Amino acid sequence: MACVITDSDLTLHALLLKAFSLIPTSYYVLALSVFALTVLYNFLEVHFVRDALRGFRGDRVALTFNPSSEIYEGVVSRCRILHGRYLATPWLASPHFQTAFLNFFGRPPSFCYRRQLYTVHDGGTIALDWLLASDVAGGPYETGRVLSKDDSTPLVIVVPGLTSDSASPYMKHLVHSFAKQGWNVVVGNHRGLGGVSLTIGSRLHSFLAEKHS
């Protein structure tokens, strides 16, 4: 079917183009800038505006748990900080900003972990790095000290990000901060990270053998 263009259509198109041409270029630049900033704001997961609208009161910690579990009754229900609010530093209101800041500007505290290598049932090796509250309390550092079952000091288990380990700057800041507040801290490094070679367990070895057979 042929498409017929009439003089009225040409006139309408010409009027629209003329109308757009009358809009100052600065308006287009402003609109494009707002659009780009909006995309960047969401891409970087910035939440400054949301925090400001809420009066910088922070958000309640979101917990997913079984209220009838023993872990909740014994740990979560007694940990008041998990039932409070959290507010990030306003000018670092983005997880990406926080990571970049600590990596480039935040000098990590200087301390030494106590390393414990743990072998799991499939042959894999996991490095557990400990920092005890007594290690940062100013007393003598006892390299051979181990925790007893009767130790009543609160314990924090920290799991690094996907590609991080206990030596990452943000992890050292977090661990040292907990220890300074009187907590014993252990970092469970992922397999193949933390300076420990990836050991192939029996299950992974069998999987690779079947895949290439």
# chains A, B, ... in the order shown; residues from 1 in each chain; ligands from 1

$ residues_around --residues "stretch 162-179 of chain A" --least-positions-apart "5" --cutoff "10 Å" --atoms "only C-alpha atoms" --output "PDB file with C-alpha atoms, in the first residue's frame"
ATOM      1  CA  GLN A  98      32.552   3.487  50.516  1.00  0.00           C
ATOM      2  CA  THR A  99      34.644   0.738  48.921  1.00  0.00           C
ATOM      3  CA  ALA A 100      36.571   3.199  46.747  1.00  0.00           C
ATOM      4  CA  PHE A 101      37.198   5.587  49.643  1.00  0.00           C
ATOM      5  CA  LEU A 102      38.631   2.907  51.925  1.00  0.00           C
ATOM      6  CA  ASN A 103      40.795   1.469  49.152  1.00  0.00           C
ATOM      7  CA  PHE A 104      42.307   4.797  48.093  1.00  0.00           C
ATOM      8  CA  PHE A 105      42.132   7.039  51.163  1.00  0.00           C
ATOM      9  CA  GLY A 106      41.443   4.889  54.214  1.00  0.00           C
ATOM     10  CA  ARG A 107      44.718   3.625  55.645  1.00  0.00           C
ATOM     11  CA  PRO A 108      43.880   0.254  57.244  1.00  0.00           C
ATOM     12  CA  PRO A 109      44.904  -0.347  60.861  1.00  0.00           C
ATOM     13  CA  SER A 110      48.082  -2.327  61.406  1.00  0.00           C
ATOM     14  CA  PHE A 111      47.664  -5.658  63.180  1.00  0.00           C
ATOM     15  CA  CYS A 112      48.389  -9.342  62.698  1.00  0.00           C
ATOM     16  CA  TYR A 113      45.787 -12.062  62.446  1.00  0.00           C
ATOM     17  CA  ALA A 127      41.683 -19.908  56.126  1.00  0.00           C
ATOM     18  CA  LEU A 128      40.174 -18.586  59.344  1.00  0.00           C
ATOM     19  CA  ASP A 129      41.828 -15.352  60.481  1.00  0.00           C
ATOM     20  CA  TRP A 130      41.288 -14.339  64.102  1.00  0.00           C
ATOM     21  CA  LEU A 131      41.668 -11.024  65.887  1.00  0.00           C
ATOM     22  CA  LEU A 132      40.919 -11.164  69.595  1.00  0.00           C
ATOM     23  CA  ALA A 133      39.799  -8.294  71.754  1.00  0.00           C
ATOM     24  CA  SER A 134      42.892  -8.818  73.896  1.00  0.00           C
ATOM     25  CA  ASP A 135      45.113  -8.327  70.822  1.00  0.00           C
ATOM     26  CA  VAL A 136      44.107  -4.666  70.531  1.00  0.00           C
ATOM     27  CA  ALA A 137      43.710  -3.957  74.241  1.00  0.00           C
ATOM     28  CA  PRO A 154      31.232 -12.117  72.262  1.00  0.00           C
ATOM     29  CA  LEU A 155      32.283 -13.538  68.910  1.00  0.00           C
ATOM     30  CA  VAL A 156      31.716 -11.978  65.487  1.00  0.00           C
ATOM     31  CA  ILE A 157      31.974 -14.097  62.335  1.00  0.00           C
ATOM     32  CA  ASN A 184      36.589 -11.535  69.300  1.00  0.00           C
ATOM     33  CA  VAL A 185      36.483 -11.606  65.499  1.00  0.00           C
ATOM     34  CA  VAL A 186      37.074 -14.376  62.986  1.00  0.00           C
ATOM     35  CA  VAL A 187      37.133 -13.859  59.221  1.00  0.00           C
ATOM     36  CA  GLY A 188      36.143 -16.854  57.121  1.00  0.00           C
ATOM     37  CA  ASN A 189      38.025 -16.406  53.843  1.00  0.00           C
ATOM     38  CA  HIS A 190      36.585 -17.961  50.721  1.00  0.00           C
ATOM     39  CA  ARG A 191      38.352 -20.918  49.183  1.00  0.00           C
ATOM     40  CA  GLY A 192      41.368 -19.920  47.143  1.00  0.00           C
ATOM     41  CA  LEU A 193      41.579 -16.485  48.793  1.00  0.00           C
ATOM     42  CA  GLY A 194      43.454 -15.123  51.778  1.00  0.00           C
ATOM     43  CA  GLY A 195      46.793 -16.343  50.441  1.00  0.00           C
TER      44      GLY A 195
END

$ select_by_dssp --residues "stretch 23-109 of chain A" --states "helix (DSSP H, G or I)" --output "ChimeraX atom specification"
/A:25-43,48-53,70-74,76-78,80-83,90-92,95-104

$ closest_residue --among "A:Lys149, A:His96, A:His13, A:Lys180" --to "A:Tyr41" --atoms "only C-alpha atoms"
A:His96

$ select_by_dssp --residues "chain A" --states "strand (DSSP E)" --output "number ranges by chain"
A: 59-60, 85-86, 114-119, 125-131, 155-158, 184-188

$ residues_around --residues "A:Phe48" --least-positions-apart "5" --cutoff "10 Å" --atoms "only C-alpha atoms" --output "PyMOL selection string"
chain A and resi 41+53-54+56+88-94

$ write_last_selection --atoms "N, CA and C atoms" --output "JSON list (two decimals), in the first residue's frame"
[["chain", "number", "residue", "atom", "x", "y", "z"],
["A", 41, "TYR", "N", 22.98, 8.02, 39.27],
["A", 41, "TYR", "CA", 22.55, 7.95, 40.67],
["A", 41, "TYR", "C", 22.03, 6.55, 40.99],
["A", 53, "LEU", "N", 15.23, 12.68, 52.75],
["A", 53, "LEU", "CA", 13.77, 12.76, 52.89],
["A", 53, "LEU", "C", 13.29, 12.10, 54.18],
["A", 54, "ARG", "N", 14.06, 11.18, 54.70],
["A", 54, "ARG", "CA", 13.71, 10.50, 55.95],
["A", 54, "ARG", "C", 14.36, 11.16, 57.16],
["A", 56, "PHE", "N", 17.51, 11.69, 57.74],
["A", 56, "PHE", "CA", 18.76, 11.03, 58.13],
["A", 56, "PHE", "C", 18.59, 10.21, 59.41],
["A", 88, "ALA", "N", 24.35, 5.28, 56.81],
["A", 88, "ALA", "CA", 25.69, 5.44, 56.25],
["A", 88, "ALA", "C", 26.11, 6.90, 56.32],
["A", 89, "THR", "N", 27.42, 7.13, 56.29],
["A", 89, "THR", "CA", 27.93, 8.50, 56.25],
["A", 89, "THR", "C", 27.31, 9.22, 55.05],
["A", 90, "PRO", "N", 26.65, 10.36, 55.25],
["A", 90, "PRO", "CA", 25.90, 11.01, 54.15],
["A", 90, "PRO", "C", 26.71, 11.23, 52.88],
["A", 91, "TRP", "N", 27.97, 11.65, 53.01],
["A", 91, "TRP", "CA", 28.74, 11.91, 51.79],
["A", 91, "TRP", "C", 29.36, 10.64, 51.21],
["A", 92, "LEU", "N", 29.08, 9.50, 51.83],
["A", 92, "LEU", "CA", 29.47, 8.20, 51.28],
["A", 92, "LEU", "C", 28.23, 7.32, 51.17],
["A", 93, "ALA", "N", 27.13, 7.93, 50.73],
["A", 93, "ALA", "CA", 25.85, 7.23, 50.67],
["A", 93, "ALA", "C", 25.75, 6.34, 49.44],
["A", 94, "SER", "N", 26.73, 5.49, 49.27],
["A", 94, "SER", "CA", 26.75, 4.52, 48.17],
["A", 94, "SER", "C", 27.76, 3.44, 48.53]]

$ atom_distance --atom1 "atom CA of A:Val61" --atom2 "atom CA of A:Gly84"
6.5 Å

$ atom_distance --atom1 "atom CA of A:Gln116" --atom2 "atom CA of A:Leu147"
11.9 Å

$ decode --residues "stretch 105-153 of chain A" --atoms "N, CA and C atoms" --output "PDB file, in the first residue's frame"
ATOM      1  N   PHE A 105      41.850   6.008  50.168  1.00  0.00           N
ATOM      2  CA  PHE A 105      42.132   7.039  51.163  1.00  0.00           C
ATOM      3  C   PHE A 105      42.145   6.520  52.600  1.00  0.00           C
ATOM      4  N   GLY A 106      41.518   5.390  52.846  1.00  0.00           N
ATOM      5  CA  GLY A 106      41.443   4.889  54.214  1.00  0.00           C
ATOM      6  C   GLY A 106      42.599   3.966  54.540  1.00  0.00           C
ATOM      7  N   ARG A 107      43.578   4.457  55.279  1.00  0.00           N
ATOM      8  CA  ARG A 107      44.718   3.625  55.645  1.00  0.00           C
ATOM      9  C   ARG A 107      44.260   2.577  56.652  1.00  0.00           C
ATOM     10  N   PRO A 108      44.373   1.286  56.329  1.00  0.00           N
ATOM     11  CA  PRO A 108      43.880   0.254  57.244  1.00  0.00           C
ATOM     12  C   PRO A 108      44.729   0.172  58.502  1.00  0.00           C
ATOM     13  N   PRO A 109      44.135  -0.201  59.621  1.00  0.00           N
ATOM     14  CA  PRO A 109      44.904  -0.347  60.861  1.00  0.00           C
ATOM     15  C   PRO A 109      45.925  -1.471  60.733  1.00  0.00           C
ATOM     16  N   SER A 110      47.002  -1.341  61.469  1.00  0.00           N
ATOM     17  CA  SER A 110      48.082  -2.327  61.406  1.00  0.00           C
ATOM     18  C   SER A 110      47.928  -3.339  62.543  1.00  0.00           C
ATOM     19  N   PHE A 111      47.742  -4.580  62.191  1.00  0.00           N
ATOM     20  CA  PHE A 111      47.664  -5.658  63.180  1.00  0.00           C
ATOM     21  C   PHE A 111      47.916  -6.981  62.475  1.00  0.00           C
ATOM     22  N   CYS A 112      48.130  -8.009  63.245  1.00  0.00           N
ATOM     23  CA  CYS A 112      48.389  -9.342  62.698  1.00  0.00           C
ATOM     24  C   CYS A 112      47.273 -10.294  63.114  1.00  0.00           C
ATOM     25  N   TYR A 113      46.791 -11.047  62.153  1.00  0.00           N
ATOM     26  CA  TYR A 113      45.787 -12.062  62.446  1.00  0.00           C
ATOM     27  C   TYR A 113      46.447 -13.313  63.037  1.00  0.00           C
ATOM     28  N   ARG A 114      45.643 -14.090  63.718  1.00  0.00           N
ATOM     29  CA  ARG A 114      46.028 -15.452  64.089  1.00  0.00           C
ATOM     30  C   ARG A 114      45.361 -16.369  63.065  1.00  0.00           C
ATOM     31  N   ARG A 115      46.141 -17.087  62.301  1.00  0.00           N
ATOM     32  CA  ARG A 115      45.576 -17.893  61.213  1.00  0.00           C
ATOM     33  C   ARG A 115      45.350 -19.335  61.647  1.00  0.00           C
ATOM     34  N   GLN A 116      44.186 -19.837  61.257  1.00  0.00           N
ATOM     35  CA  GLN A 116      43.835 -21.236  61.488  1.00  0.00           C
ATOM     36  C   GLN A 116      43.350 -21.815  60.165  1.00  0.00           C
ATOM     37  N   LEU A 117      44.011 -22.862  59.699  1.00  0.00           N
ATOM     38  CA  LEU A 117      43.606 -23.514  58.460  1.00  0.00           C
ATOM     39  C   LEU A 117      42.638 -24.640  58.783  1.00  0.00           C
ATOM     40  N   TYR A 118      41.495 -24.592  58.126  1.00  0.00           N
ATOM     41  CA  TYR A 118      40.436 -25.556  58.399  1.00  0.00           C
ATOM     42  C   TYR A 118      40.186 -26.371  57.140  1.00  0.00           C
ATOM     43  N   THR A 119      40.271 -27.680  57.266  1.00  0.00           N
ATOM     44  CA  THR A 119      40.034 -28.578  56.138  1.00  0.00           C
ATOM     45  C   THR A 119      38.628 -29.146  56.237  1.00  0.00           C
ATOM     46  N   VAL A 120      37.836 -28.925  55.201  1.00  0.00           N
ATOM     47  CA  VAL A 120      36.459 -29.413  55.199  1.00  0.00           C
ATOM     48  C   VAL A 120      36.417 -30.848  54.690  1.00  0.00           C
ATOM     49  N   HIS A 121      35.236 -31.459  54.758  1.00  0.00           N
ATOM     50  CA  HIS A 121      35.122 -32.893  54.499  1.00  0.00           C
ATOM     51  C   HIS A 121      35.446 -33.280  53.060  1.00  0.00           C
ATOM     52  N   ASP A 122      35.346 -32.339  52.110  1.00  0.00           N
ATOM     53  CA  ASP A 122      35.638 -32.691  50.716  1.00  0.00           C
ATOM     54  C   ASP A 122      37.079 -32.391  50.329  1.00  0.00           C
ATOM     55  N   GLY A 123      37.904 -32.036  51.294  1.00  0.00           N
ATOM     56  CA  GLY A 123      39.313 -31.795  51.021  1.00  0.00           C
ATOM     57  C   GLY A 123      39.677 -30.348  50.798  1.00  0.00           C
ATOM     58  N   GLY A 124      38.699 -29.471  50.750  1.00  0.00           N
ATOM     59  CA  GLY A 124      38.980 -28.052  50.563  1.00  0.00           C
ATOM     60  C   GLY A 124      39.576 -27.423  51.809  1.00  0.00           C
ATOM     61  N   THR A 125      40.311 -26.331  51.617  1.00  0.00           N
ATOM     62  CA  THR A 125      40.970 -25.644  52.724  1.00  0.00           C
ATOM     63  C   THR A 125      40.436 -24.225  52.854  1.00  0.00           C
ATOM     64  N   ILE A 126      40.073 -23.855  54.067  1.00  0.00           N
ATOM     65  CA  ILE A 126      39.563 -22.520  54.354  1.00  0.00           C
ATOM     66  C   ILE A 126      40.456 -21.880  55.413  1.00  0.00           C
ATOM     67  N   ALA A 127      40.853 -20.640  55.169  1.00  0.00           N
ATOM     68  CA  ALA A 127      41.683 -19.908  56.126  1.00  0.00           C
ATOM     69  C   ALA A 127      40.786 -19.090  57.045  1.00  0.00           C
ATOM     70  N   LEU A 128      40.893 -19.353  58.331  1.00  0.00           N
ATOM     71  CA  LEU A 128      40.174 -18.586  59.344  1.00  0.00           C
ATOM     72  C   LEU A 128      41.168 -17.645  60.013  1.00  0.00           C
ATOM     73  N   ASP A 129      40.933 -16.354  59.900  1.00  0.00           N
ATOM     74  CA  ASP A 129      41.828 -15.352  60.481  1.00  0.00           C
ATOM     75  C   ASP A 129      41.157 -14.719  61.693  1.00  0.00           C
ATOM     76  N   TRP A 130      41.841 -14.800  62.833  1.00  0.00           N
ATOM     77  CA  TRP A 130      41.288 -14.339  64.102  1.00  0.00           C
ATOM     78  C   TRP A 130      41.961 -13.044  64.554  1.00  0.00           C
ATOM     79  N   LEU A 131      41.158 -12.176  65.150  1.00  0.00           N
ATOM     80  CA  LEU A 131      41.668 -11.024  65.887  1.00  0.00           C
ATOM     81  C   LEU A 131      40.875 -10.962  67.183  1.00  0.00           C
ATOM     82  N   LEU A 132      41.579 -11.134  68.298  1.00  0.00           N
ATOM     83  CA  LEU A 132      40.919 -11.164  69.595  1.00  0.00           C
ATOM     84  C   LEU A 132      40.881  -9.773  70.209  1.00  0.00           C
ATOM     85  N   ALA A 133      39.917  -9.586  71.077  1.00  0.00           N
ATOM     86  CA  ALA A 133      39.799  -8.294  71.754  1.00  0.00           C
ATOM     87  C   ALA A 133      41.058  -7.985  72.552  1.00  0.00           C
ATOM     88  N   SER A 134      41.672  -9.019  73.107  1.00  0.00           N
ATOM     89  CA  SER A 134      42.892  -8.818  73.896  1.00  0.00           C
ATOM     90  C   SER A 134      44.074  -8.398  73.030  1.00  0.00           C
ATOM     91  N   ASP A 135      44.013  -8.687  71.719  1.00  0.00           N
ATOM     92  CA  ASP A 135      45.113  -8.327  70.822  1.00  0.00           C
ATOM     93  C   ASP A 135      45.220  -6.822  70.617  1.00  0.00           C
ATOM     94  N   VAL A 136      44.103  -6.116  70.758  1.00  0.00           N
ATOM     95  CA  VAL A 136      44.107  -4.666  70.531  1.00  0.00           C
ATOM     96  C   VAL A 136      43.907  -3.892  71.825  1.00  0.00           C
ATOM     97  N   ALA A 137      43.938  -4.609  72.951  1.00  0.00           N
ATOM     98  CA  ALA A 137      43.710  -3.957  74.241  1.00  0.00           C
ATOM     99  C   ALA A 137      44.978  -3.361  74.827  1.00  0.00           C
ATOM    100  N   GLY A 138      46.115  -3.591  74.167  1.00  0.00           N
ATOM    101  CA  GLY A 138      47.366  -3.018  74.648  1.00  0.00           C
ATOM    102  C   GLY A 138      48.193  -3.957  75.492  1.00  0.00           C
ATOM    103  N   GLY A 139      47.688  -5.163  75.764  1.00  0.00           N
ATOM    104  CA  GLY A 139      48.439  -6.121  76.557  1.00  0.00           C
ATOM    105  C   GLY A 139      49.437  -6.885  75.706  1.00  0.00           C
ATOM    106  N   PRO A 140      50.160  -7.834  76.302  1.00  0.00           N
ATOM    107  CA  PRO A 140      51.128  -8.637  75.547  1.00  0.00           C
ATOM    108  C   PRO A 140      50.432  -9.522  74.518  1.00  0.00           C
ATOM    109  N   TYR A 141      51.050  -9.639  73.359  1.00  0.00           N
ATOM    110  CA  TYR A 141      50.478 -10.444  72.277  1.00  0.00           C
ATOM    111  C   TYR A 141      50.963 -11.879  72.416  1.00  0.00           C
ATOM    112  N   GLU A 142      50.038 -12.784  72.659  1.00  0.00           N
ATOM    113  CA  GLU A 142      50.380 -14.190  72.840  1.00  0.00           C
ATOM    114  C   GLU A 142      50.033 -14.943  71.561  1.00  0.00           C
ATOM    115  N   THR A 143      51.061 -15.321  70.813  1.00  0.00           N
ATOM    116  CA  THR A 143      50.825 -15.957  69.514  1.00  0.00           C
ATOM    117  C   THR A 143      50.180 -17.333  69.648  1.00  0.00           C
ATOM    118  N   GLY A 144      50.442 -18.015  70.738  1.00  0.00           N
ATOM    119  CA  GLY A 144      49.928 -19.372  70.873  1.00  0.00           C
ATOM    120  C   GLY A 144      48.589 -19.465  71.569  1.00  0.00           C
ATOM    121  N   ARG A 145      47.993 -18.332  71.879  1.00  0.00           N
ATOM    122  CA  ARG A 145      46.744 -18.374  72.626  1.00  0.00           C
ATOM    123  C   ARG A 145      45.593 -18.863  71.751  1.00  0.00           C
ATOM    124  N   VAL A 146      44.765 -19.723  72.311  1.00  0.00           N
ATOM    125  CA  VAL A 146      43.568 -20.204  71.620  1.00  0.00           C
ATOM    126  C   VAL A 146      42.363 -19.944  72.512  1.00  0.00           C
ATOM    127  N   LEU A 147      41.207 -19.864  71.888  1.00  0.00           N
ATOM    128  CA  LEU A 147      39.989 -19.625  72.646  1.00  0.00           C
ATOM    129  C   LEU A 147      39.513 -20.914  73.304  1.00  0.00           C
ATOM    130  N   SER A 148      39.090 -20.788  74.526  1.00  0.00           N
ATOM    131  CA  SER A 148      38.528 -21.945  75.219  1.00  0.00           C
ATOM    132  C   SER A 148      37.015 -21.952  75.055  1.00  0.00           C
ATOM    133  N   LYS A 149      36.407 -23.088  75.297  1.00  0.00           N
ATOM    134  CA  LYS A 149      34.959 -23.194  75.170  1.00  0.00           C
ATOM    135  C   LYS A 149      34.235 -22.355  76.215  1.00  0.00           C
ATOM    136  N   ASP A 150      34.932 -22.031  77.296  1.00  0.00           N
ATOM    137  CA  ASP A 150      34.311 -21.260  78.376  1.00  0.00           C
ATOM    138  C   ASP A 150      34.501 -19.755  78.207  1.00  0.00           C
ATOM    139  N   ASP A 151      35.144 -19.343  77.119  1.00  0.00           N
ATOM    140  CA  ASP A 151      35.369 -17.911  76.898  1.00  0.00           C
ATOM    141  C   ASP A 151      34.027 -17.220  76.670  1.00  0.00           C
ATOM    142  N   SER A 152      33.737 -16.218  77.484  1.00  0.00           N
ATOM    143  CA  SER A 152      32.447 -15.527  77.408  1.00  0.00           C
ATOM    144  C   SER A 152      32.486 -14.272  76.545  1.00  0.00           C
ATOM    145  N   THR A 153      33.635 -13.988  75.923  1.00  0.00           N
ATOM    146  CA  THR A 153      33.740 -12.805  75.071  1.00  0.00           C
ATOM    147  C   THR A 153      32.867 -12.985  73.830  1.00  0.00           C
TER     148      THR A 153
END
